[in-house]
Amino acid sequence: MKSLITGIGGFVGSHLAETLIAENKYNVFGLMRDLEKNENILGIEKNLNLTRCDINDFESVFKSIKNIKPDVIFHLAGQPFVPSSFESTADTFKVNVIGAINILEAIKSCEINPRIIIVTSGEIYGEAIGISLHTEKKLPHPVNPYAASKTSIDFIAQTYKRYEGLNIVIARPFNHTGPKQRNNFVCSSIAYQIAKIEKENLPKILKVGNIKARRMFSDVRDIAKGYSLLSEIDNSQDFIFNISTDEINSIEDVIKLYEEISGYKFELNIEPKRLRGYDIDLMAGDSSLFKSKTNWKNNFTLKQTLTDILNYWRTKL
């Protein structure tokens with residue numbers, strides 16, 4: 001059987017490729033806009049079948065899917081960074097919405113019926129009030145262009161499932177981090193700064209934004225395993241699933257864990273440019289439905305995840 005990962009060279013796509021290779025369930029194919037940007041998949045390329053493809057170009061998508069004829073498609077390509085969605089809103093919608101529609105329309109045109117995992121985001125729900133966790137029945141309340149783009153394709157994918165008959169499962173992952181994540185995401189940013197402080201013997205000062213924001217930080221490797229499980233889940237009734245750890249931590253908690261891991265005490269420099277105009281105080285979801293269907297669980301503690309990110313940046317710098 002063939003699996004196809006869009007955005008296979010990205011942070012999550014590369015980890016999913018590693019997971020699928022280790023499971024040996026599929027021949028793994030991948031779409032990349034730029035085959036030369038292969039740093040994240042170095043060492044596993046011999047196990048991959050890669051195709052150059054821009055998901056914004058329907059003809060490119062159609063030809064790729066027609067040639068591969070995948071049994072499973074994991075659609076991960078997109079613009080994942082909230083601040084960039086303010087700076088480049090039209091481009092964010094183009095790739096996150098139109099790009100995904102191109103995938104779905106190409107599948108229809110090729111007259112194939114693969115399982116399609118559409119990845120949206122827990123960000124679509126907006127603020128969690130009090131200690132109430134978002135369930136899949138909660139109506140979206142996006143508060144930034146990224147979340148709005150993910151809300152759009154989430155609803156569009158639902159129509160393709162219900163009225164076009166496509167074999168779709170929608171994943172709504174909450175925050176996830178791990179090795180290979182870009183250093184503009186908070187956990188990776190802090191690890192990068194620590195590694196740089198160590199390497200260049202700099203003052204122990206961290207540049208941060210809102211340290212009071214609370215999130216559910218899963219390990220990307222656990223999330224990748226969750227996506228793999230979605231390729232086989234029964235979606236005849238339930239087909240929308242939150243995926244998250246059960247643990248809520250603030251950015252302040254993350255910094256304290258990094259202090260434990262590194263053995264340093266840091267001074268914090270809160271930079272205005274790292275603060276959003278509106279930042280969700282608590283983003284937290286209930287993943288009990290997904291866990292009940294698959295027995296999925298988190299295998300990595302947050303401390304282990306942060307340790308692995310720091311060691312990743314130590315080897316990169």
# chains A, B, ... in the order shown; residues from 1 in each chain; ligands from 1
call {"tool": "select_by_dssp", "arguments": {"residues": "range 121-185 of chain A", "states": "alpha helix (DSSP H)", "output": "ChimeraX atom specification"}}
result
/A:145-162
call {"tool": "residues_around", "arguments": {"residues": "Gly99 in chain A", "least_positions_apart": "4", "cutoff": "6 Å", "atoms": "only C-alpha atoms", "output": "list in words"}}
result
Ile55, Asn56 and Val95 of chain A
call {"tool": "write_last_selection", "arguments": {"atoms": "C-alpha atoms", "output": "mmCIF file, in the first residue's frame"}}
result
data_model
loop_
_atom_site.group_PDB
_atom_site.id
_atom_site.type_symbol
_atom_site.label_atom_id
_atom_site.label_comp_id
_atom_site.auth_asym_id
_atom_site.auth_seq_id
_atom_site.Cartn_x
_atom_site.Cartn_y
_atom_site.Cartn_z
ATOM 1 C CA ILE A 55 0.058 22.364 -3.933
ATOM 2 C CA ASN A 56 -1.046 25.828 -5.094
ATOM 3 C CA VAL A 95 -1.827 27.540 0.736
#
call {"tool": "select_by_dssp", "arguments": {"residues": "range 69-303 of chain A", "states": "strand (DSSP E or B)", "output": "count of residues only"}}
result
40
call {"tool": "residues_around", "arguments": {"residues": "range 112-123 of chain A", "least_positions_apart": "6", "cutoff": "8 Å", "atoms": "only C-alpha atoms", "output": "PyMOL selection string"}}
result
chain A and resi 69-76+142+147+150-151+153-154+157+166-175+227+230-231+242+283-285
call {"tool": "residues_around", "arguments": {"residues": "Lys207 in chain A", "least_positions_apart": "6", "cutoff": "9 Å", "atoms": "only C-alpha atoms", "output": "MDAnalysis selection string"}}
result
chainID A and resid 189:190 193 267:271 274
call {"tool": "write_last_selection", "arguments": {"atoms": "N, CA and C atoms", "output": "mmCIF file, in the first residue's frame"}}
result
data_model
loop_
_atom_site.group_PDB
_atom_site.id
_atom_site.type_symbol
_atom_site.label_atom_id
_atom_site.label_comp_id
_atom_site.auth_asym_id
_atom_site.auth_seq_id
_atom_site.Cartn_x
_atom_site.Cartn_y
_atom_site.Cartn_z
ATOM 1 N N SER A 189 12.431 28.008 20.074
ATOM 2 C CA SER A 189 13.119 29.293 20.201
ATOM 3 C C SER A 189 13.942 29.351 21.485
ATOM 4 N N ILE A 190 13.353 28.908 22.582
ATOM 5 C CA ILE A 190 14.060 28.949 23.860
ATOM 6 C C ILE A 190 15.264 28.012 23.831
ATOM 7 N N GLN A 193 18.046 29.518 21.803
ATOM 8 C CA GLN A 193 18.749 30.580 22.543
ATOM 9 C C GLN A 193 19.690 30.001 23.592
ATOM 10 N N GLU A 267 17.627 35.137 33.099
ATOM 11 C CA GLU A 267 16.914 36.399 33.166
ATOM 12 C C GLU A 267 16.032 36.487 31.929
ATOM 13 N N LEU A 268 14.826 37.007 32.076
ATOM 14 C CA LEU A 268 13.883 37.071 30.962
ATOM 15 C C LEU A 268 13.766 38.491 30.432
ATOM 16 N N ASN A 269 13.858 38.614 29.138
ATOM 17 C CA ASN A 269 13.679 39.897 28.455
ATOM 18 C C ASN A 269 12.432 39.790 27.585
ATOM 19 N N ILE A 270 11.321 40.353 28.059
ATOM 20 C CA ILE A 270 10.063 40.273 27.309
ATOM 21 C C ILE A 270 10.087 41.333 26.212
ATOM 22 N N GLU A 271 10.079 40.859 24.957
ATOM 23 C CA GLU A 271 10.180 41.753 23.806
ATOM 24 C C GLU A 271 8.806 42.044 23.223
ATOM 25 N N ARG A 274 7.521 40.094 20.216
ATOM 26 C CA ARG A 274 7.127 38.700 20.428
ATOM 27 C C ARG A 274 5.722 38.581 21.029
#
call {"tool": "closest_atom_pairs", "arguments": {"of": "range 102-199 of chain A", "to": "range 33-43 of chain A", "cutoff": "10 Å", "atoms": "only C-alpha atoms", "output": "tab-separated table"}}
result
residue	atom	partner	partner_atom	distance
A:Pro179	CA	A:Asn40	CA	9.8
A:Lys180	CA	A:Asn40	CA	6.8
A:Gln181	CA	A:Asn40	CA	9.6
call {"tool": "closest_residue", "arguments": {"among": "A:Ala106, A:Ile280, A:Ser14, A:Leu289", "to": "His141 in chain A", "atoms": "only C-alpha atoms"}}
result
A:Ile280
call {"tool": "closest_residue", "arguments": {"among": "A:Thr135, A:Thr51, A:Ser109, A:Ser228", "to": "Thr19 in chain A", "atoms": "only C-alpha atoms"}}
result
A:Ser228
call {"tool": "atom_distance", "arguments": {"atom1": "CA of Leu310 in chain A", "atom2": "CA of Glu198 in chain A"}}
result
10.9 Å
call {"tool": "atom_distance", "arguments": {"atom1": "CA of Asn102 in chain A", "atom2": "CA of Ile240 in chain A"}}
result
20.7 Å
call {"tool": "atom_distance", "arguments": {"atom1": "CA of Glu247 in chain A", "atom2": "CA of Cys187 in chain A"}}
result
15.5 Å
call {"tool": "closest_residue", "arguments": {"among": "A:Ser250, A:Ile255, A:Lys212, A:Lys161", "to": "Asn235 in chain A", "atoms": "only C-alpha atoms"}}
result
A:Lys161
call {"tool": "closest_residue", "arguments": {"among": "A:Ser132, A:Ser64, A:Ser149, A:Asn311", "to": "Phe81 in chain A", "atoms": "only C-alpha atoms"}}
result
A:Ser149
